[in-house]
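The next block is query.cif, given as mmCIF, C-alpha atoms.
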data_structure
#
loop_
_atom_site.group_PDB
_atom_site.id
_atom_site.type_symbol
_atom_site.label_atom_id
_atom_site.label_comp_id
_atom_site.auth_asym_id
_atom_site.auth_seq_id
_atom_site.Cartn_x
_atom_site.Cartn_y
_atom_site.Cartn_z
ATOM 1 C CA MET A 297 32.569 -46.187 8.463
ATOM 2 C CA LYS A 298 30.396 -44.500 5.842
ATOM 3 C CA LEU A 299 30.514 -40.724 5.426
ATOM 4 C CA TYR A 300 28.365 -38.472 3.266
ATOM 5 C CA ARG A 301 29.209 -35.307 1.408
ATOM 6 C CA ILE A 302 26.899 -33.044 -0.609
ATOM 7 C CA SER A 303 28.171 -30.648 -3.218
ATOM 8 C CA PRO A 304 27.197 -29.113 -6.542
ATOM 9 C CA SER A 305 27.917 -31.674 -9.252
ATOM 10 C CA ASP A 306 30.787 -29.573 -10.643
ATOM 11 C CA TYR A 307 32.689 -30.038 -7.361
ATOM 12 C CA ILE A 308 31.527 -33.415 -6.019
ATOM 13 C CA ASP A 309 34.723 -35.230 -7.024
ATOM 14 C CA ASP A 310 36.987 -32.560 -5.543
ATOM 15 C CA LEU A 311 38.094 -33.867 -2.167
ATOM 16 C CA THR A 312 40.902 -31.342 -1.739
ATOM 17 C CA GLY A 313 38.984 -29.075 0.642
ATOM 18 C CA THR A 314 39.363 -26.157 -1.768
ATOM 19 C CA GLY A 315 35.910 -24.694 -1.071
ATOM 20 C CA ALA A 316 36.595 -24.521 2.644
ATOM 21 C CA LYS A 317 40.082 -23.163 1.929
ATOM 22 C CA LEU A 318 38.670 -20.343 -0.201
ATOM 23 C CA TYR A 319 35.841 -19.322 2.117
ATOM 24 C CA GLY A 320 36.570 -20.759 5.541
ATOM 25 C CA GLY A 321 33.971 -22.595 7.609
ATOM 26 C CA ARG A 322 32.893 -23.226 11.165
ATOM 27 C CA TRP A 323 35.938 -25.430 11.740
ATOM 28 C CA ASN A 324 38.578 -23.876 9.503
ATOM 29 C CA PHE A 325 40.164 -20.538 8.838
ATOM 30 C CA LYS A 326 40.147 -19.174 5.304
ATOM 31 C CA GLY A 327 43.299 -20.530 3.665
ATOM 32 C CA THR A 328 43.117 -23.935 5.393
ATOM 33 C CA PRO A 329 41.740 -26.822 3.317
ATOM 34 C CA LEU A 330 39.218 -29.066 5.051
ATOM 35 C CA LEU A 331 36.651 -31.546 3.790
ATOM 36 C CA TYR A 332 33.300 -31.471 5.594
ATOM 37 C CA CYS A 333 31.290 -34.724 5.733
ATOM 38 C CA SER A 334 28.485 -36.120 7.892
ATOM 39 C CA GLU A 335 27.723 -39.485 9.438
ATOM 40 C CA ASN A 336 24.176 -39.435 8.056
ATOM 41 C CA ILE A 337 22.629 -38.378 4.765
ATOM 42 C CA SER A 338 19.911 -36.438 6.606
ATOM 43 C CA LEU A 339 22.488 -34.428 8.569
ATOM 44 C CA ALA A 340 24.458 -33.742 5.391
ATOM 45 C CA ILE A 341 21.236 -32.356 3.880
ATOM 46 C CA LEU A 342 20.545 -30.165 6.913
ATOM 47 C CA GLU A 343 24.114 -28.888 6.892
ATOM 48 C CA ILE A 344 23.791 -27.823 3.247
ATOM 49 C CA LEU A 345 20.294 -26.335 3.685
ATOM 50 C CA VAL A 346 21.410 -23.851 6.356
ATOM 51 C CA HIS A 347 23.464 -22.136 3.649
ATOM 52 C CA PHE A 348 20.528 -21.523 1.297
ATOM 53 C CA ASP A 349 18.059 -18.650 1.492
ATOM 54 C CA GLY A 350 15.043 -20.962 1.841
ATOM 55 C CA LEU A 351 13.419 -19.645 -1.320
ATOM 56 C CA THR A 352 15.538 -21.194 -4.028
ATOM 57 C CA VAL A 353 15.606 -24.929 -4.603
ATOM 58 C CA PRO A 354 19.296 -25.784 -5.075
ATOM 59 C CA GLN A 355 20.024 -27.403 -8.416
ATOM 60 C CA ASN A 356 22.653 -29.923 -9.501
ATOM 61 C CA LEU A 357 23.490 -31.257 -6.055
ATOM 62 C CA GLU A 358 25.089 -34.656 -5.701
ATOM 63 C CA LEU A 359 25.603 -36.956 -2.770
ATOM 64 C CA MET A 360 28.859 -38.830 -2.397
ATOM 65 C CA GLU A 361 29.315 -41.777 -0.093
ATOM 66 C CA LEU A 362 32.834 -42.115 1.251
ATOM 67 C CA GLU A 363 34.377 -44.763 3.452
ATOM 68 C CA ILE A 364 37.005 -44.425 6.141
ATOM 69 C CA ASN A 365 38.351 -46.810 8.731
ATOM 70 C CA SER A 366 37.067 -45.662 12.130
ATOM 71 C CA SER A 367 40.569 -46.061 13.587
ATOM 72 C CA LEU A 368 41.549 -42.979 11.549
ATOM 73 C CA ILE A 369 38.978 -40.785 13.321
ATOM 74 C CA GLN A 370 39.601 -38.792 16.473
ATOM 75 C CA THR A 371 36.570 -37.568 18.471
ATOM 76 C CA PHE A 372 36.292 -33.985 19.637
ATOM 77 C CA PRO A 373 35.162 -34.035 23.297
ATOM 78 C CA ILE A 374 31.505 -33.018 23.689
ATOM 79 C CA SER A 375 32.332 -31.223 26.956
ATOM 80 C CA LYS A 376 34.898 -29.062 25.148
ATOM 81 C CA PHE A 377 32.427 -28.469 22.300
ATOM 82 C CA ASN A 378 29.717 -27.316 24.728
ATOM 83 C CA LYS A 379 32.165 -25.051 26.557
ATOM 84 C CA ILE A 380 33.353 -23.383 23.326
ATOM 85 C CA ARG A 381 29.811 -23.051 22.014
ATOM 86 C CA LYS A 382 28.895 -20.709 24.887
ATOM 87 C CA LEU A 383 31.814 -18.324 24.312
ATOM 88 C CA LYS A 384 31.408 -14.943 22.608
ATOM 89 C CA ASP A 385 34.240 -15.837 20.243
ATOM 90 C CA ALA A 386 33.000 -19.409 19.636
ATOM 91 C CA GLU A 387 33.486 -19.157 15.881
ATOM 92 C CA TYR A 388 37.153 -18.318 16.340
ATOM 93 C CA GLN A 389 37.625 -20.966 19.060
ATOM 94 C CA PHE A 390 36.193 -23.764 16.897
ATOM 95 C CA LYS A 391 38.582 -22.795 14.114
ATOM 96 C CA GLU A 392 41.486 -22.595 16.520
ATOM 97 C CA ALA A 393 40.697 -26.043 17.959
ATOM 98 C CA SER A 394 40.557 -27.529 14.469
ATOM 99 C CA ASN A 395 43.773 -25.767 13.510
ATOM 100 C CA LYS A 396 45.556 -27.441 16.445
ATOM 101 C CA TRP A 397 44.186 -30.817 15.334
ATOM 102 C CA ILE A 398 45.267 -30.249 11.710
ATOM 103 C CA ASN A 399 48.753 -29.136 12.695
ATOM 104 C CA GLY A 400 49.116 -32.071 15.104
ATOM 105 C CA CYS A 401 48.513 -34.548 12.236
ATOM 106 C CA ARG A 402 47.488 -37.280 14.670
ATOM 107 C CA SER A 403 44.399 -38.412 12.770
ATOM 108 C CA LEU A 404 43.007 -38.161 9.267
ATOM 109 C CA ALA A 405 39.543 -37.208 10.523
ATOM 110 C CA LEU A 406 37.909 -35.408 13.426
ATOM 111 C CA LYS A 407 34.393 -36.302 14.569
ATOM 112 C CA VAL A 408 32.599 -33.162 15.795
ATOM 113 C CA PRO A 409 29.047 -32.524 17.015
ATOM 114 C CA SER A 410 26.822 -30.648 14.599
ATOM 115 C CA ILE A 411 25.733 -27.172 15.643
ATOM 116 C CA ILE A 412 22.302 -27.986 14.174
ATOM 117 C CA THR A 413 21.796 -31.002 16.434
ATOM 118 C CA THR A 414 24.559 -31.930 18.835
ATOM 119 C CA THR A 415 23.375 -35.543 18.994
ATOM 120 C CA GLU A 416 24.594 -36.138 15.430
ATOM 121 C CA PHE A 417 28.094 -35.718 14.079
ATOM 122 C CA ASN A 418 30.037 -34.267 11.211
ATOM 123 C CA ILE A 419 33.386 -35.665 10.196
ATOM 124 C CA LEU A 420 36.155 -33.270 9.199
ATOM 125 C CA ILE A 421 38.805 -34.689 6.877
ATOM 126 C CA ASN A 422 42.291 -33.214 6.629
ATOM 127 C CA PRO A 423 43.161 -33.525 2.905
ATOM 128 C CA LYS A 424 46.839 -32.853 3.659
ATOM 129 C CA HIS A 425 47.154 -35.757 6.097
ATOM 130 C CA HIS A 426 49.664 -38.436 5.065
ATOM 131 C CA LYS A 427 46.919 -41.123 5.236
ATOM 132 C CA PHE A 428 44.441 -39.196 3.062
ATOM 133 C CA ASN A 429 44.716 -41.880 0.365
ATOM 134 C CA LEU A 430 42.888 -44.248 2.765
ATOM 135 C CA LEU A 431 39.669 -42.228 2.307
ATOM 136 C CA LYS A 432 37.684 -44.121 -0.338
ATOM 137 C CA LYS A 433 35.035 -42.862 -2.735
ATOM 138 C CA LYS A 434 32.265 -45.467 -2.801
ATOM 139 C CA LYS A 435 29.446 -44.031 -4.914
ATOM 140 C CA LYS A 436 27.747 -40.824 -5.912
ATOM 141 C CA SER A 437 24.262 -39.961 -7.022
ATOM 142 C CA LYS A 438 22.130 -36.997 -7.934
ATOM 143 C CA LEU A 439 20.438 -35.457 -4.898
ATOM 144 C CA GLU A 440 16.922 -34.190 -5.387
ATOM 145 C CA LEU A 441 15.387 -32.344 -2.460
ATOM 146 C CA ASP A 442 11.664 -32.077 -1.832
ATOM 147 C CA GLU A 443 10.490 -28.583 -2.805
ATOM 148 C CA ARG A 444 8.442 -28.371 0.403
ATOM 149 C CA LEU A 445 11.715 -27.694 2.202
ATOM 150 C CA PHE A 446 11.825 -24.347 0.403
ATOM 151 C CA LYS A 447 8.226 -23.147 0.757
ATOM 152 C CA SER A 448 7.209 -20.611 3.333
ATOM 153 C CA ASN A 449 3.972 -21.042 5.277
ATOM 154 C CA SER A 450 2.356 -18.370 3.115
ATOM 155 C CA ASP A 451 2.921 -20.563 0.025
ATOM 156 C CA SER A 452 0.567 -23.249 1.354
#
Could the structure of this file be written out as C-alpha coordinates, please?
Amino acid sequence: MKLYRISPSDYIDDLTGTGAKLYGGRWNFKGTPLLYCSENISLAILEILVHFDGLTVPQNLELMELEINSSLIQTFPISKFNKIRKLKDAEYQFKEASNKWINGCRSLALKVPSIITTTEFNILINPKHHKFNLLKKKKKSKLELDERLFKSNSDS
(Lines of atoms letter the chains of each structure in order from A and count residues from 1; the text may use other names and numbers.)
(Lines give C-alpha, C1' and ligand atoms only; values in the text may rest on other atoms or scores of the structure.)
Protein backbone atom coordinates (compact mmCIF):
# COMPACT_ATOMS: atom_id res chain seq x y z
CA MET A 1 0.00 0.00 0.00
CA LYS A 2 1.26 3.48 -0.85
CA LEU A 3 1.34 6.18 1.83
CA TYR A 4 2.15 9.86 1.52
CA ARG A 5 3.89 12.21 3.89
CA ILE A 6 4.50 15.96 3.51
CA SER A 7 7.17 17.79 5.43
CA PRO A 8 9.59 20.68 5.09
CA SER A 9 12.57 19.46 3.08
CA ASP A 10 14.86 19.64 6.13
CA TYR A 11 12.78 16.93 7.83
CA ILE A 12 11.38 14.82 4.97
CA ASP A 13 13.83 11.95 5.53
CA ASP A 14 13.23 11.85 9.28
CA LEU A 15 10.79 9.01 9.88
CA THR A 16 11.38 8.86 13.63
CA GLY A 17 8.21 10.74 14.57
CA THR A 18 10.27 13.41 16.33
CA GLY A 19 8.02 16.31 15.28
CA ALA A 20 4.97 14.64 16.75
CA LYS A 21 6.99 13.67 19.83
CA LEU A 22 8.03 17.29 20.42
CA TYR A 23 4.64 18.89 19.85
CA GLY A 24 2.01 16.19 20.13
CA GLY A 25 -0.80 15.77 17.61
CA ARG A 26 -4.40 14.69 17.31
CA TRP A 27 -3.40 11.06 17.86
CA ASN A 28 -0.40 11.32 20.16
CA PHE A 29 0.58 12.89 23.43
CA LYS A 30 3.62 15.15 23.55
CA GLY A 31 6.57 12.86 24.25
CA THR A 32 5.25 9.98 22.10
CA PRO A 33 6.79 9.60 18.64
CA LEU A 34 4.35 8.98 15.79
CA LEU A 35 4.61 9.32 12.03
CA TYR A 36 1.54 10.79 10.33
CA CYS A 37 0.85 9.73 6.71
CA SER A 38 -2.17 9.71 4.40
CA GLU A 39 -3.58 7.29 1.86
CA ASN A 40 -3.87 10.03 -0.76
CA ILE A 41 -1.68 12.94 -1.81
CA SER A 42 -4.68 15.29 -1.76
CA LEU A 43 -5.52 14.36 1.84
CA ALA A 44 -1.88 14.78 2.86
CA ILE A 45 -2.04 18.29 1.38
CA LEU A 46 -5.26 19.12 3.22
CA GLU A 47 -3.82 17.80 6.47
CA ILE A 48 -0.78 20.08 6.14
CA LEU A 49 -2.82 23.12 5.02
CA VAL A 50 -4.97 23.16 8.18
CA HIS A 51 -1.81 24.07 10.10
CA PHE A 52 -1.02 27.18 8.05
CA ASP A 53 -2.52 30.63 8.53
CA GLY A 54 -3.92 30.77 4.99
CA LEU A 55 -1.90 33.86 4.11
CA THR A 56 1.59 32.47 3.73
CA VAL A 57 2.47 30.05 0.96
CA PRO A 58 4.56 27.35 2.65
CA GLN A 59 8.03 27.01 1.17
CA ASN A 60 10.36 24.03 0.82
CA LEU A 61 7.75 21.32 1.25
CA GLU A 62 8.44 17.84 -0.06
CA LEU A 63 6.24 14.85 -0.66
CA MET A 64 7.48 11.40 0.22
CA GLU A 65 5.88 8.22 -1.03
CA LEU A 66 6.21 5.31 1.35
CA GLU A 67 5.15 1.71 1.00
CA ILE A 68 3.83 -0.68 3.61
CA ASN A 69 2.31 -4.12 3.41
CA SER A 70 -1.40 -3.78 4.21
CA SER A 71 -1.17 -6.77 6.57
CA LEU A 72 0.80 -4.49 8.92
CA ILE A 73 -2.10 -2.03 9.24
CA GLN A 74 -4.84 -2.20 11.83
CA THR A 75 -8.05 -0.21 11.20
CA PHE A 76 -9.55 2.01 13.87
CA PRO A 77 -13.32 1.33 13.97
CA ILE A 78 -15.34 4.16 12.40
CA SER A 79 -18.08 3.68 15.02
CA LYS A 80 -15.55 4.25 17.81
CA PHE A 81 -14.11 7.25 15.93
CA ASN A 82 -17.57 8.83 15.56
CA LYS A 83 -18.36 8.21 19.23
CA ILE A 84 -15.10 9.81 20.42
CA ARG A 85 -15.48 12.73 18.03
CA LYS A 86 -18.67 13.86 19.80
CA LEU A 87 -17.11 13.91 23.28
CA LYS A 88 -16.07 17.13 25.02
CA ASP A 89 -12.65 15.62 25.67
CA ALA A 90 -12.31 14.14 22.15
CA GLU A 91 -8.75 15.40 21.74
CA TYR A 92 -7.66 13.53 24.86
CA GLN A 93 -9.65 10.41 23.93
CA PHE A 94 -8.07 10.16 20.46
CA LYS A 95 -4.63 10.37 22.05
CA GLU A 96 -5.56 7.82 24.68
CA ALA A 97 -6.88 5.39 22.04
CA SER A 98 -3.67 5.74 20.04
CA ASN A 99 -1.58 5.31 23.18
CA LYS A 100 -3.30 1.97 23.85
CA TRP A 101 -2.58 0.89 20.27
CA ILE A 102 1.09 1.95 20.51
CA ASN A 103 1.60 0.19 23.83
CA GLY A 104 -0.13 -2.95 22.55
CA CYS A 105 2.41 -3.24 19.69
CA ARG A 106 0.03 -5.39 17.65
CA SER A 107 0.51 -3.55 14.36
CA LEU A 108 3.04 -1.22 12.78
CA ALA A 109 0.33 1.12 11.49
CA LEU A 110 -3.15 2.31 12.41
CA LYS A 111 -5.60 3.46 9.74
CA VAL A 112 -7.77 6.29 11.11
CA PRO A 113 -10.45 8.49 9.54
CA SER A 114 -9.41 12.06 8.84
CA ILE A 115 -11.14 14.75 10.87
CA ILE A 116 -11.22 16.86 7.68
CA THR A 117 -13.19 14.26 5.74
CA THR A 118 -14.07 11.01 7.46
CA THR A 119 -14.39 9.19 4.14
CA GLU A 120 -10.61 9.34 3.65
CA PHE A 121 -7.93 7.95 5.92
CA ASN A 122 -4.65 8.81 7.54
CA ILE A 123 -2.17 6.13 8.49
CA LEU A 124 -0.30 6.44 11.78
CA ILE A 125 3.05 4.67 11.94
CA ASN A 126 4.64 3.62 15.22
CA PRO A 127 8.39 4.23 14.67
CA LYS A 128 9.23 2.14 17.74
CA HIS A 129 7.45 -0.97 16.45
CA HIS A 130 9.70 -4.00 15.93
CA LYS A 131 8.61 -4.22 12.25
CA PHE A 132 9.32 -0.54 11.48
CA ASN A 133 12.11 -1.58 9.09
CA LEU A 134 9.38 -2.97 6.78
CA LEU A 135 8.22 0.60 6.00
CA LYS A 136 9.91 1.50 2.71
CA LYS A 137 10.81 4.90 1.30
CA LYS A 138 9.92 4.84 -2.40
CA LYS A 139 10.47 8.36 -3.73
CA LYS A 140 10.34 12.00 -2.78
CA SER A 141 9.75 15.17 -4.71
CA LYS A 142 9.38 18.88 -4.21
CA LEU A 143 5.79 19.88 -3.48
CA GLU A 144 4.60 23.12 -5.00
CA LEU A 145 1.14 24.27 -3.97
CA ASP A 146 -1.06 26.54 -6.07
CA GLU A 147 -1.01 30.04 -4.57
CA ARG A 148 -4.79 30.28 -4.99
CA LEU A 149 -5.06 28.05 -1.93
CA PHE A 150 -3.70 30.96 0.11
CA LYS A 151 -5.68 33.89 -1.30
CA SER A 152 -8.66 35.33 0.47
CA ASN A 153 -11.76 36.33 -1.49
CA SER A 154 -10.76 39.98 -1.16
CA ASP A 155 -7.54 39.25 -3.11
CA SER A 156 -9.50 38.36 -6.25
Running the PyMOL selection byres ((chain A and resi 326-336) around 7) on this model by hand, what would come out? Give it as a PDB file with C-alpha atoms, in the frame of the given file.
ATOM      1  CA  LYS A 298      30.396 -44.500   5.842  1.00  0.00           C
ATOM      2  CA  LEU A 299      30.514 -40.724   5.426  1.00  0.00           C
ATOM      3  CA  TYR A 300      28.365 -38.472   3.266  1.00  0.00           C
ATOM      4  CA  ARG A 301      29.209 -35.307   1.408  1.00  0.00           C
ATOM      5  CA  LEU A 311      38.094 -33.867  -2.167  1.00  0.00           C
ATOM      6  CA  THR A 312      40.902 -31.342  -1.739  1.00  0.00           C
ATOM      7  CA  GLY A 313      38.984 -29.075   0.642  1.00  0.00           C
ATOM      8  CA  THR A 314      39.363 -26.157  -1.768  1.00  0.00           C
ATOM      9  CA  ALA A 316      36.595 -24.521   2.644  1.00  0.00           C
ATOM     10  CA  LYS A 317      40.082 -23.163   1.929  1.00  0.00           C
ATOM     11  CA  LEU A 318      38.670 -20.343  -0.201  1.00  0.00           C
ATOM     12  CA  TYR A 319      35.841 -19.322   2.117  1.00  0.00           C
ATOM     13  CA  GLY A 320      36.570 -20.759   5.541  1.00  0.00           C
ATOM     14  CA  ASN A 324      38.578 -23.876   9.503  1.00  0.00           C
ATOM     15  CA  PHE A 325      40.164 -20.538   8.838  1.00  0.00           C
ATOM     16  CA  ILE A 337      22.629 -38.378   4.765  1.00  0.00           C
ATOM     17  CA  SER A 338      19.911 -36.438   6.606  1.00  0.00           C
ATOM     18  CA  LEU A 339      22.488 -34.428   8.569  1.00  0.00           C
ATOM     19  CA  ALA A 340      24.458 -33.742   5.391  1.00  0.00           C
ATOM     20  CA  PHE A 417      28.094 -35.718  14.079  1.00  0.00           C
ATOM     21  CA  ASN A 418      30.037 -34.267  11.211  1.00  0.00           C
ATOM     22  CA  ILE A 419      33.386 -35.665  10.196  1.00  0.00           C
ATOM     23  CA  LEU A 420      36.155 -33.270   9.199  1.00  0.00           C
ATOM     24  CA  ILE A 421      38.805 -34.689   6.877  1.00  0.00           C
ATOM     25  CA  ASN A 422      42.291 -33.214   6.629  1.00  0.00           C
ATOM     26  CA  PRO A 423      43.161 -33.525   2.905  1.00  0.00           C
TER      27      PRO A 423
END
With distances taken over all atoms listed in the file, which of A:Gln355, A:Glu363, A:Ile308, A:Glu343 is nearest to Asp442 (chain A)? A:Gln355
Polymer residues at most 12 Å from (45.6, -30.9, 16.1) by only C-alpha atoms, as a list in words: Trp323, Asn324, Gln370, Thr371, Phe372, Phe390, Lys391, Glu392, Ala393, Ser394, Asn395, Lys396, Trp397, Ile398, Asn399, Gly400, Cys401, Arg402, Ser403, Leu404, Ala405, Leu406, Leu420, Asn422 and His425 of chain A
Close residues, Leu441 (chain A) itself excluded, 12 Å, all atoms listed in the file, min 2 positions apart in chain, as a list of chain:residue names: A:Ile302, A:Ile337, A:Ser338, A:Ile341, A:Leu342, A:Ile344, A:Leu345, A:Thr352, A:Val353, A:Pro354, A:Gln355, A:Asn356, A:Leu357, A:Glu358, A:Leu359, A:Lys438, A:Leu439, A:Glu443, A:Arg444, A:Leu445, A:Phe446
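For the atom pair formed by CA of Glu416 (chain A) and CA of Leu430 (chain A), the distance is 23.7 Å, given to one decimal.
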List as a PyMOL selection string the protein and nucleic acid residues near Thr414 (chain A), meaning an atom at most 10 Å away when all atoms listed in the file are counted, but skip any in the same chain fewer than 6 places from it. chain A and resi 374+377-378+408
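For the residues A:Ser366, A:Ser305, A:Gly321, A:Lys384, ranking by smallest atom-to-atom distance to His347 (chain A) using only C-alpha atoms places A:Gly321 first.
CA of Val346 (chain A) to CA of Lys433 (chain A) spans 25.1 Å [interatomic distance, one decimal].
The spacing separating CA of Gln389 (chain A) from CA of Ser410 (chain A) amounts to 15.2 Å.
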Hey, can I get the axis-aligned box for region 413-424 of chain A? All listed atoms, 6 Å padding on each side, centre and edge lengths in Å to one decimal, as JSON.
{"center_x": 34.3, "center_y": -33.6, "center_z": 10.9, "size_x": 37.0, "size_y": 17.1, "size_z": 28.1}
